[in-house]
Amino acid sequence: MEEDEKLSLPDVKPYSFAEFVSWMYAGDSLDVSDDLYDGIQAGHVWALGKLLEAPAFQNWCMDTVWEYCKDPDNQWPVLEEVEVIYKISGKDSKIRKYAAHSTARKSPFEKYQEGSVMYKAWNTLLEKYPDIGLDIARVAGKEWNGTYPWDDEHRQAYLEDEVALDQLWEQQILAARSMEEIRVAAKGNCVRSIIELAHIERKKGNR
């Protein structure tokens with residue numbers, strides 16, 4: 001791509017794409033905040049990994065989410081954050097499962113007094129997204145034995161299957177589609193294809 005060529009990614013949050021680029025080339029997040037991910041940011045960043053079919057990035061995102069959730073000051077799960085995760089993630093997605101399990105484990109209906117503003121707000125959320133209630137019900141009988149979804153022993157349950165570590169993202173892209181197919185889709189404003197094309201055609205000296 002030409003140096004001054006710009007990408008237009010209207011459906012991608014700028015911080016999500018910045019995190020993906022940082023992870024892809026540096027293997028870490030941008031050093032901009034000690035409290036990088038709340039559930040809202042995490043949902044958007046994880047969803048970008050899903051869009052780009054980059055499971056290793058999704059798992060890196062989940063690792064960051066766990067660190068956020070382990071801090072009691074963050075009071076996870078937070079209603080607004082759970083709502084965003086359900087809004088932008090697909091049925092049976094791992095991050096949605098994690099949000100449901102967290103909500104089931106630390107039930108807001110036990111935390112807040114019946115009839116209170118927050119109690120009513122959670123009820124409204126369940127009415128708006130019935131899948132949340134169904135997902136919580138599925139795990140209602142689970143024995144946590146004093147643990148929480150963000151504890152290390154549960155980590156595997158929320159991870160995506162990854163390809164071999166020595167398989168580069170570029171190889172994954174080209175294994176799924178030809179360059180011509182990617183170019184055609186990119187011209188049709190497919191966000192995933194635009195990002196993949198930019199990565200493959202990047203100038204090697206700018207890596």
# chains A, B, ... in the order shown; residues from 1 in each chain; ligands from 1
>>> residues_around(residues="range 131-135 of chain A", least_positions_apart="4", cutoff="8 Å", atoms="only C-alpha atoms", output="VMD selection string")
chain A and resid 86 97 100 to 101 126 139
>>> residues_around(residues="Asn123 in chain A", least_positions_apart="3", cutoff="12 Å", atoms="only C-alpha atoms", output="list in words")
Leu79, Ser107, Pro108, Phe109, Tyr112, Glu114, Gly115, Ser116, Val117, Met118, Tyr119, Lys120, Leu126, Glu127, Lys128, Tyr129, Pro130, Ile132 and Gly133 of chain A
>>> select_by_dssp(residues="range 160-191 of chain A", states="alpha helix (DSSP H)", output="number ranges by chain")
A: 169-176, 179-187, 191
>>> closest_residue(among="A:Arg155, A:Lys87, A:Lys187, A:Arg177", to="Trp60 in chain A", atoms="only C-alpha atoms")
A:Arg155
>>> residues_around(residues="Thr147 in chain A", least_positions_apart="3", cutoff="12 Å", atoms="only C-alpha atoms", output="PyMOL selection string")
chain A and resi 70+101-102+105-106+142-144+150-155
>>> closest_residue(among="A:Leu48, A:Ala56, A:Ile85, A:Ala42", to="Tyr68 in chain A", atoms="only C-alpha atoms")
A:Ala42
>>> closest_residue(among="A:Ala47, A:Arg192, A:Glu162, A:Pro149", to="Glu67 in chain A", atoms="only C-alpha atoms")
A:Pro149
>>> closest_residue(among="A:Ser16, A:Asn59, A:Ser93, A:Gln113", to="Val45 in chain A", atoms="only C-alpha atoms")
A:Ser16
>>> closest_residue(among="A:Ile40, A:Cys190, A:Met179, A:Leu125", to="Val84 in chain A", atoms="only C-alpha atoms")
A:Ile40
>>> closest_residue(among="A:Ala185, A:Leu159, A:Val65, A:Ala104", to="Gln41 in chain A", atoms="only C-alpha atoms")
A:Val65
>>> atom_distance(atom1="CA of Tyr158 in chain A", atom2="CA of Ala137 in chain A")
17.9 Å
>>> atom_distance(atom1="CA of Arg138 in chain A", atom2="CA of Ala99 in chain A")
12.9 Å
